[in-house]
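What follows is a set of notes on a single structure, which appears directly below.
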There are 2 protein chains.
Amino acid sequence: MGGVALWRRIADDIRLDIVGGKLARGDRLAGEMALAERFGVNRHTVRRALAVLEEEGVVRSEQGRGTFVDRAQRLSYRIGKRTRFSEGLAGQARSLERRLLSSRIENATAPVAKALRIRAGAKVVRLETLSLADGQPLSRATSWLDYRRFAEFPERFERARSVTAAFRTFGIADYARASTHISARHADADETKLLKLAPGAILLVSEAVDAEEDGAPIQYGLSRFPAERLELVV
Amino acid sequence: MGGVALWRRIADDIRLDIVGGKLARGDRLAGEMALAERFGVNRHTVRRALAVLEEEGVVRSEQGRGTFVDRAQRLSYRIGKRTRFSEGLAGQARSLERRLLSSRIENATAPVAKALRIRAGAKVVRLETLSLADGQPLSRATSWLDYRRFAEFPERFERARSVTAAFRTFGIADYARASTHISARHADADETKLLKLAPGAILLVSEAVDAEEDGAPIQYGLSRFPAERLELVV
DNA sequence: CCAACTTGTCTACTTTACTAGACAACTTAG
DNA sequence: CTAAGTTGTCTAGTAAAGTAGACAAGTTGG
């Protein structure tokens with residue numbers, strides 16, 4: 001009952017203890033029997049949860065010794081007036097990359113049109129991107145821009161390999177976050193695959209509008225972050 | 001496979017269409033057969049998803065006619081420099097209430113001590129609260145305050161029925177949000193019950209520190225919001 | 001070496017999730 | 001009134017999740 005399997009809830013719970021700092025790297029987890037008692041389930045159910053965490057690289061089990069914390073970090077992505085992908089994660093990863101998956105021209109749906117302050121149905125450029133930190137997927141984002149002004153954005157983004165730099169080629173020296181809406185939901189099949197998650201993982205969803213200094217919106221974006229890999233800091 | 005039941009993912013998906021604005025109140029959903037085809041599952045699995053949504057009051061089914069959107073809103077909780085419970089939801093609900101479930105004195109754990117800038121193990125006041133909008137649970141929060149200064153906070157909060165007003169009785173005219181960390185996870189058994197959720201629902205978790213104008217921290221809080229009922233607006 | 005504890009693996013069973021199909025009950029358009 | 005399309009309810013079967021217990025295999029401390 002509930003629609004979320006026990007082993008997944010237990011895995012989530014233990015992962016939370018680890019990324020939340022209750023357990024540090026190298027610490028030994030409670031034994032499988034003790035965990036089974038703590039969660040009120042059979043030892044086999046605990047073992048399945050631990051198997052998932054081992055698959056993720058969060059813990060490592062050693063026969064006869066116990067199960068140990070292997071990777072304990074969760075990144076913090078800073079969002080605020082000036083939100084920039086690379087700055088928001090500065091110092092937390094060695095390599096940061098934002099990859100363009102695809103782009104196309106389409107007609108603005110109602111929410112896109114409203115955010116960009118254009119009429120519904122007007123042409124917009126849509127970009128699908130994937131961000132990685134140290135090779136691990138960190139976010140899956142979709143962005144929309146007004147076609148009249150940013151028709152060549154995909155090419156320039158691909159060359160500059162940065163949103164900020166691409167905007168600069170359009171004469172936009174600086175821009176700021178106009179609004180950010182945050183929600184959460186389960187990952188769908190596509191996101192699960194691209195972000196290399198276990199199916200059923202939770203995503204933090206950020207719906208944001210970036211605007212020029214005079215308030216004119218230039219970009220509307222929908223970013224999905226795996227909740228188990230990072231938190232958002234306001 | 002994945003640990004999240006199909007019917008739950010389908011329910012989440014349909015709910016997202018509704019709170020996301022694709023379907024408005026009174027709109028008719030696609031038929032059960034069509035939905036089954038869309039999600040690639042049996043009609044019974046769709047029916048189970050719809051039963052959950054009907055239980056939540058999101059849709060309403062009528063034999064022979066179809067299934068209709070009953071409640072389409074999702075509240076927006078505004079967070080920023082000056083974050084106040086009642087102001088953050090102003091105009092979105094008729095009645096707002098914050099109920100004190102319990103309070104007790106305990107010793108500060110490491111994260112609590114760090115946030116309040118006191119030594120670990122020092123005495124702190126811990127409050128458990130439940131917030132409701134129009135009678136529906138909106139958040140479950142735990143707050144910690146320095147005992148030396150706020151020993152009587154629970155009593156004063158209970159009388160004032162407001163955090164801001166209770167702080168005022170301690171001579172704190174104004175305070176501001178120092179930091180907010182946002183993550184997401186599944187609800188546990190307790191939260192499921194108190195927030196009246198279906199087990200396995202997703203919570204947005206906000207970890208925040210409030211401070212006086214001079215930067216001295218006065219409150220550390222951990223709030224859990226049902227992701228299906230509201231979004232956070234930065 | 002041994003006792004106590006750990007994780008690893010196997011079998012057997014029960015409950016829940018999901019599929020499949022049939023038909024009843026109801027509504028609507030023609 | 002009727003035909004087509006809707007939701008409601010039933011039975012039956014398969015696959016996955018979870019329980020239960022036993023024992024092997026490894027580690028550690030005395």
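For the structure tokens, the naming scheme is as follows: chains receive sequential letters (A, B, ...) according to their order of presentation, residues are indexed from 1 within each chain, and ligands are indexed from 1 in presentation order.
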Contact check, chain A to chain C, at most 7 Å, counting only C-alpha atoms (C1' of nucleotides), closest pairs as CSV:
residue,atom,partner,partner_atom,distance
A:Glu62,CA,C:DT7,C1',6.5
A:Gln63,CA,C:DT7,C1',4.1
A:Gly64,CA,C:DT6,C1',3.9
A:Arg65,CA,C:DT6,C1',5.1
A:Gly66,CA,C:DT6,C1',5.8
Using DSSP on the backbone coordinates, identify the residues of segment 14-49 of chain A assigned to alpha helix (DSSP H); present them as a VMD selection string.
-> chain A and resid 14 to 19 32 to 39 43 to 49
Would you put the residues from that selection into a file with C-alpha atoms, as a CSV table (one decimal), in the first residue's frame?
chain,number,residue,atom,x,y,z
A,14,ILE,CA,19.4,5.6,4.8
A,15,ARG,CA,20.7,7.9,1.9
A,16,LEU,CA,19.2,10.8,3.8
A,17,ASP,CA,21.2,9.9,6.9
A,18,ILE,CA,24.3,9.8,4.8
A,19,VAL,CA,24.0,13.0,2.7
A,32,GLU,CA,21.3,-5.6,8.5
A,33,MET,CA,19.4,-7.2,11.5
A,34,ALA,CA,19.5,-4.0,13.4
A,35,LEU,CA,18.2,-2.0,10.4
A,36,ALA,CA,15.5,-4.6,9.8
A,37,GLU,CA,14.3,-4.0,13.3
A,38,ARG,CA,14.6,-0.2,13.0
A,39,PHE,CA,12.4,-0.2,9.9
A,43,ARG,CA,16.3,-8.5,6.7
A,44,HIS,CA,15.9,-9.3,3.0
A,45,THR,CA,14.0,-6.1,2.4
A,46,VAL,CA,16.9,-4.1,4.0
A,47,ARG,CA,19.3,-6.0,1.9
A,48,ARG,CA,17.5,-4.9,-1.2
A,49,ALA,CA,17.7,-1.3,-0.1
Nearest residue to chain A from the set B:Ala133, B:Val58, B:Ile105, B:Leu75 (distances using only C-alpha atoms) |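 Ranking B:Ala133, B:Val58, B:Ile105, B:Leu75 by distance to chain A, first place goes to B:Leu75.
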Residues of chain D near chain A: apply a cut-off of 10 Å, count only C-alpha atoms (C1' of nucleotides), and supply the list as JSON, numbers by chain.
-> {"D": [17, 18, 19, 20, 25, 26, 27, 28]}
Using only C-alpha atoms (C1' of nucleotides), determine which residues lie at most 12 Å from Gly21 of chain A, disregarding the query and same-chain residues fewer than 4 positions distant; provide the list as a ChimeraX atom specification.
-> /A:14-17,25,27,69,71-74 /B:109-111
For the residues in that selection, give me C-alpha atoms as a PDB file, in the first residue's frame.
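And here's again-v8.pdb as it stands now:
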ATOM      1  CA  ILE A  14      19.440   5.644   4.780  1.00  0.00           C
ATOM      2  CA  ARG A  15      20.676   7.867   1.949  1.00  0.00           C
ATOM      3  CA  LEU A  16      19.225  10.821   3.817  1.00  0.00           C
ATOM      4  CA  ASP A  17      21.198   9.882   6.929  1.00  0.00           C
ATOM      5  CA  ARG A  25      32.424   8.637   4.760  1.00  0.00           C
ATOM      6  CA  ASP A  27      31.426   5.065   8.924  1.00  0.00           C
ATOM      7  CA  VAL A  69      29.581   4.750   3.743  1.00  0.00           C
ATOM      8  CA  ARG A  71      30.299   8.560  -0.908  1.00  0.00           C
ATOM      9  CA  ALA A  72      28.652  11.103   1.350  1.00  0.00           C
ATOM     10  CA  GLN A  73      28.427  14.356  -0.548  1.00  0.00           C
ATOM     11  CA  ARG A  74      25.436  16.193  -1.859  1.00  0.00           C
TER      12      ARG A  74
ATOM     13  CA  THR B 109      22.663  18.284  17.874  1.00  0.00           C
ATOM     14  CA  ALA B 110      25.562  19.359  15.660  1.00  0.00           C
ATOM     15  CA  PRO B 111      23.503  20.899  12.811  1.00  0.00           C
TER      16      PRO B 111
END
Between chain B and chain A, at 7 Å or less, what are the per-residue closest atom pairs and their distances in Å? Count only C-alpha atoms, order by chain and rising residue number, and return it as a tab-separated table.
residue	atom	partner	partner_atom	distance
B:Gly2	CA	A:Pro199	CA	4.5
B:Gly3	CA	A:Ala5	CA	4.7
B:Val4	CA	A:Val4	CA	4.5
B:Ala5	CA	A:Gly3	CA	4.7
B:Arg8	CA	A:Gly3	CA	5.5
B:Ser179	CA	A:Val234	CA	6.6
B:Thr180	CA	A:Val234	CA	5.3
B:His181	CA	A:Val233	CA	4.5
B:Ile182	CA	A:Leu232	CA	4.9
B:Ser183	CA	A:Glu231	CA	4.9
B:Ala184	CA	A:Ala227	CA	5.6
B:Arg185	CA	A:Ile202	CA	6.7
B:Ala198	CA	A:Gly2	CA	6.2
B:Pro199	CA	A:Gly2	CA	4.3
B:Gly200	CA	A:Val4	CA	5.2
B:Ile202	CA	A:Arg185	CA	6.7
B:Leu204	CA	A:Ala184	CA	6.6
B:Ala227	CA	A:Ala184	CA	5.6
B:Glu231	CA	A:Ser183	CA	4.9
B:Leu232	CA	A:Ile182	CA	4.9
B:Val233	CA	A:His181	CA	4.5
B:Val234	CA	A:Thr180	CA	5.3
For N, CA and C atoms, I'd like the residues from the last selection saved as a PDB file, in the first residue's frame.
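File selection.pdb, as written:
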ATOM      1  N   GLY B   2      11.691  -0.547 -10.042  1.00  0.00           N
ATOM      2  CA  GLY B   2      11.923   0.860  -9.764  1.00  0.00           C
ATOM      3  C   GLY B   2      11.448   1.266  -8.390  1.00  0.00           C
ATOM      4  N   GLY B   3      10.559   0.465  -7.816  1.00  0.00           N
ATOM      5  CA  GLY B   3      10.152   0.743  -6.439  1.00  0.00           C
ATOM      6  C   GLY B   3       9.019   1.736  -6.314  1.00  0.00           C
ATOM      7  N   VAL B   4       8.573   2.294  -7.437  1.00  0.00           N
ATOM      8  CA  VAL B   4       7.399   3.161  -7.391  1.00  0.00           C
ATOM      9  C   VAL B   4       6.346   2.539  -8.287  1.00  0.00           C
ATOM     10  N   ALA B   5       5.182   2.245  -7.710  1.00  0.00           N
ATOM     11  CA  ALA B   5       4.137   1.540  -8.438  1.00  0.00           C
ATOM     12  C   ALA B   5       3.660   2.349  -9.644  1.00  0.00           C
ATOM     13  N   ARG B   8       0.902   4.850  -9.107  1.00  0.00           N
ATOM     14  CA  ARG B   8       1.301   6.094  -8.451  1.00  0.00           C
ATOM     15  C   ARG B   8       1.949   7.048  -9.447  1.00  0.00           C
ATOM     16  N   SER B 179      19.266  31.952   5.612  1.00  0.00           N
ATOM     17  CA  SER B 179      19.567  30.942   4.597  1.00  0.00           C
ATOM     18  C   SER B 179      18.398  29.988   4.445  1.00  0.00           C
ATOM     19  N   THR B 180      18.240  29.440   3.252  1.00  0.00           N
ATOM     20  CA  THR B 180      17.199  28.452   2.986  1.00  0.00           C
ATOM     21  C   THR B 180      17.784  27.355   2.100  1.00  0.00           C
ATOM     22  N   HIS B 181      17.719  26.128   2.563  1.00  0.00           N
ATOM     23  CA  HIS B 181      18.163  24.992   1.749  1.00  0.00           C
ATOM     24  C   HIS B 181      16.947  24.153   1.404  1.00  0.00           C
ATOM     25  N   ILE B 182      16.817  23.829   0.114  1.00  0.00           N
ATOM     26  CA  ILE B 182      15.626  23.106  -0.312  1.00  0.00           C
ATOM     27  C   ILE B 182      15.996  21.741  -0.887  1.00  0.00           C
ATOM     28  N   SER B 183      15.335  20.721  -0.394  1.00  0.00           N
ATOM     29  CA  SER B 183      15.531  19.385  -0.950  1.00  0.00           C
ATOM     30  C   SER B 183      14.169  18.702  -1.031  1.00  0.00           C
ATOM     31  N   ALA B 184      14.162  17.434  -1.416  1.00  0.00           N
ATOM     32  CA  ALA B 184      12.902  16.715  -1.549  1.00  0.00           C
ATOM     33  C   ALA B 184      13.106  15.248  -1.220  1.00  0.00           C
ATOM     34  N   ARG B 185      12.063  14.627  -0.659  1.00  0.00           N
ATOM     35  CA  ARG B 185      12.140  13.210  -0.323  1.00  0.00           C
ATOM     36  C   ARG B 185      10.719  12.665  -0.139  1.00  0.00           C
ATOM     37  N   ALA B 198      -1.417  10.391   0.842  1.00  0.00           N
ATOM     38  CA  ALA B 198      -1.306   8.979   0.503  1.00  0.00           C
ATOM     39  C   ALA B 198       0.138   8.588   0.781  1.00  0.00           C
ATOM     40  N   PRO B 199       0.381   7.413   1.384  1.00  0.00           N
ATOM     41  CA  PRO B 199       1.758   7.019   1.680  1.00  0.00           C
ATOM     42  C   PRO B 199       2.596   7.051   0.407  1.00  0.00           C
ATOM     43  N   GLY B 200       3.841   7.514   0.552  1.00  0.00           N
ATOM     44  CA  GLY B 200       4.701   7.571  -0.622  1.00  0.00           C
ATOM     45  C   GLY B 200       4.673   8.927  -1.303  1.00  0.00           C
ATOM     46  N   ILE B 202       5.454  12.888  -2.076  1.00  0.00           N
ATOM     47  CA  ILE B 202       6.726  13.607  -2.071  1.00  0.00           C
ATOM     48  C   ILE B 202       6.603  14.887  -1.257  1.00  0.00           C
ATOM     49  N   LEU B 204       8.520  18.570  -0.175  1.00  0.00           N
ATOM     50  CA  LEU B 204       9.580  19.556  -0.346  1.00  0.00           C
ATOM     51  C   LEU B 204      10.078  19.865   1.052  1.00  0.00           C
ATOM     52  N   ALA B 227       4.531  18.261  -1.911  1.00  0.00           N
ATOM     53  CA  ALA B 227       4.820  18.836  -3.232  1.00  0.00           C
ATOM     54  C   ALA B 227       3.575  18.899  -4.098  1.00  0.00           C
ATOM     55  N   GLU B 231       3.901  24.900  -4.260  1.00  0.00           N
ATOM     56  CA  GLU B 231       5.237  25.082  -4.804  1.00  0.00           C
ATOM     57  C   GLU B 231       5.873  26.218  -4.020  1.00  0.00           C
ATOM     58  N   LEU B 232       7.193  26.257  -4.036  1.00  0.00           N
ATOM     59  CA  LEU B 232       7.904  27.329  -3.345  1.00  0.00           C
ATOM     60  C   LEU B 232       8.302  28.368  -4.374  1.00  0.00           C
ATOM     61  N   VAL B 233       8.085  29.620  -4.056  1.00  0.00           N
ATOM     62  CA  VAL B 233       8.437  30.699  -4.969  1.00  0.00           C
ATOM     63  C   VAL B 233       9.525  31.536  -4.319  1.00  0.00           C
ATOM     64  N   VAL B 234      10.643  31.652  -5.011  1.00  0.00           N
ATOM     65  CA  VAL B 234      11.784  32.370  -4.448  1.00  0.00           C
ATOM     66  C   VAL B 234      11.713  33.841  -4.831  1.00  0.00           C
TER      67      VAL B 234
END
Do you have the atom CA of Ile118 of chain A-atom CA of Glu212 of chain A distance handy?
->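 Calculated distance between atom CA of Ile118 of chain A and atom CA of Glu212 of chain A is 15.4 Å.
Shell of Val124 of chain B at 7 Å, with only C-alpha atoms (C1' of nucleotides) counted and residues fewer than 4 places along the chain excluded, is Ile105, Glu106, Asn107, Ala108, Trp144, Leu145, Asp146 and Tyr147 of chain B.
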Shell of 8 Å around Asp134 of chain B, only C-alpha atoms (C1' of nucleotides), local chain residues under 2 positions omitted, as a VMD selection string = chain B and resid 93 to 96 132 136
Write to file, as a PDB file, in the first residue's frame, the residues of the selection just made, with C-alpha atoms.
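Result file is part.pdb:
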ATOM      1  CA  ALA B  93      -6.584  30.736   1.267  1.00  0.00           C
ATOM      2  CA  ARG B  94      -9.424  31.999   3.395  1.00  0.00           C
ATOM      3  CA  SER B  95      -8.150  30.632   6.684  1.00  0.00           C
ATOM      4  CA  LEU B  96      -4.566  30.076   7.771  1.00  0.00           C
ATOM      5  CA  LEU B 132      -3.242  24.390   7.726  1.00  0.00           C
ATOM      6  CA  GLN B 136      -6.081  21.216   4.831  1.00  0.00           C
TER       7      GLN B 136
END
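Interatomic distance, atom CA of Glu152 of chain B to atom CA of Arg82 of chain B: 23.8 Å.
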Mind checking DSSP for segment 105-204 of chain A and telling me the strand (DSSP E) residues as a PyMOL selection string?
-> chain A and resi 105-107+123-133+136-146+175-186+202-204
Selection to disk with C-alpha atoms, as a PDB file, in the first residue's frame:
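To be explicit, this is the file written out as out-v1.pdb:
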ATOM      1  CA  ILE A 105      11.879  25.978 -33.319  1.00  0.00           C
ATOM      2  CA  GLU A 106       8.332  25.639 -32.038  1.00  0.00           C
ATOM      3  CA  ASN A 107       5.260  27.682 -31.247  1.00  0.00           C
ATOM      4  CA  LYS A 123       7.910  31.241 -32.652  1.00  0.00           C
ATOM      5  CA  VAL A 124      10.340  30.306 -29.881  1.00  0.00           C
ATOM      6  CA  VAL A 125      13.672  28.494 -29.752  1.00  0.00           C
ATOM      7  CA  ARG A 126      13.642  25.462 -27.498  1.00  0.00           C
ATOM      8  CA  LEU A 127      16.848  23.975 -26.070  1.00  0.00           C
ATOM      9  CA  GLU A 128      17.264  20.662 -24.306  1.00  0.00           C
ATOM     10  CA  THR A 129      20.393  20.500 -22.149  1.00  0.00           C
ATOM     11  CA  LEU A 130      22.075  18.167 -19.718  1.00  0.00           C
ATOM     12  CA  SER A 131      24.484  19.373 -17.036  1.00  0.00           C
ATOM     13  CA  LEU A 132      27.222  17.250 -15.535  1.00  0.00           C
ATOM     14  CA  ALA A 133      29.539  17.661 -12.558  1.00  0.00           C
ATOM     15  CA  GLN A 136      27.818  12.705 -13.216  1.00  0.00           C
ATOM     16  CA  PRO A 137      24.507  14.099 -14.535  1.00  0.00           C
ATOM     17  CA  LEU A 138      23.276  16.952 -12.344  1.00  0.00           C
ATOM     18  CA  SER A 139      20.362  18.474 -14.194  1.00  0.00           C
ATOM     19  CA  ARG A 140      18.145  18.109 -17.206  1.00  0.00           C
ATOM     20  CA  ALA A 141      16.857  21.440 -18.453  1.00  0.00           C
ATOM     21  CA  THR A 142      14.557  22.783 -21.139  1.00  0.00           C
ATOM     22  CA  SER A 143      14.801  26.468 -22.092  1.00  0.00           C
ATOM     23  CA  TRP A 144      12.754  28.688 -24.335  1.00  0.00           C
ATOM     24  CA  LEU A 145      13.810  31.951 -25.951  1.00  0.00           C
ATOM     25  CA  ASP A 146      12.084  34.399 -28.269  1.00  0.00           C
ATOM     26  CA  TYR A 175      20.875  39.471 -16.651  1.00  0.00           C
ATOM     27  CA  ALA A 176      19.091  38.523 -13.452  1.00  0.00           C
ATOM     28  CA  ARG A 177      16.660  35.950 -12.163  1.00  0.00           C
ATOM     29  CA  ALA A 178      13.143  37.369 -12.295  1.00  0.00           C
ATOM     30  CA  SER A 179      11.312  34.463 -10.678  1.00  0.00           C
ATOM     31  CA  THR A 180      11.912  30.902  -9.519  1.00  0.00           C
ATOM     32  CA  HIS A 181       9.215  28.366  -8.732  1.00  0.00           C
ATOM     33  CA  ILE A 182      10.270  25.147  -7.049  1.00  0.00           C
ATOM     34  CA  SER A 183       8.366  21.906  -6.922  1.00  0.00           C
ATOM     35  CA  ALA A 184       9.130  18.182  -6.797  1.00  0.00           C
ATOM     36  CA  ARG A 185       7.949  15.019  -8.512  1.00  0.00           C
ATOM     37  CA  HIS A 186       9.041  11.573  -9.608  1.00  0.00           C
ATOM     38  CA  ILE A 202      12.663  12.232  -6.942  1.00  0.00           C
ATOM     39  CA  LEU A 203      13.425  15.372  -8.924  1.00  0.00           C
ATOM     40  CA  LEU A 204      13.495  18.968  -7.731  1.00  0.00           C
TER      41      LEU A 204
END
What separation in Å, quoted to one decimal, exists between atom CA of Gly91 of chain B and atom CA of Leu222 of chain B?
-> 24.4 Å
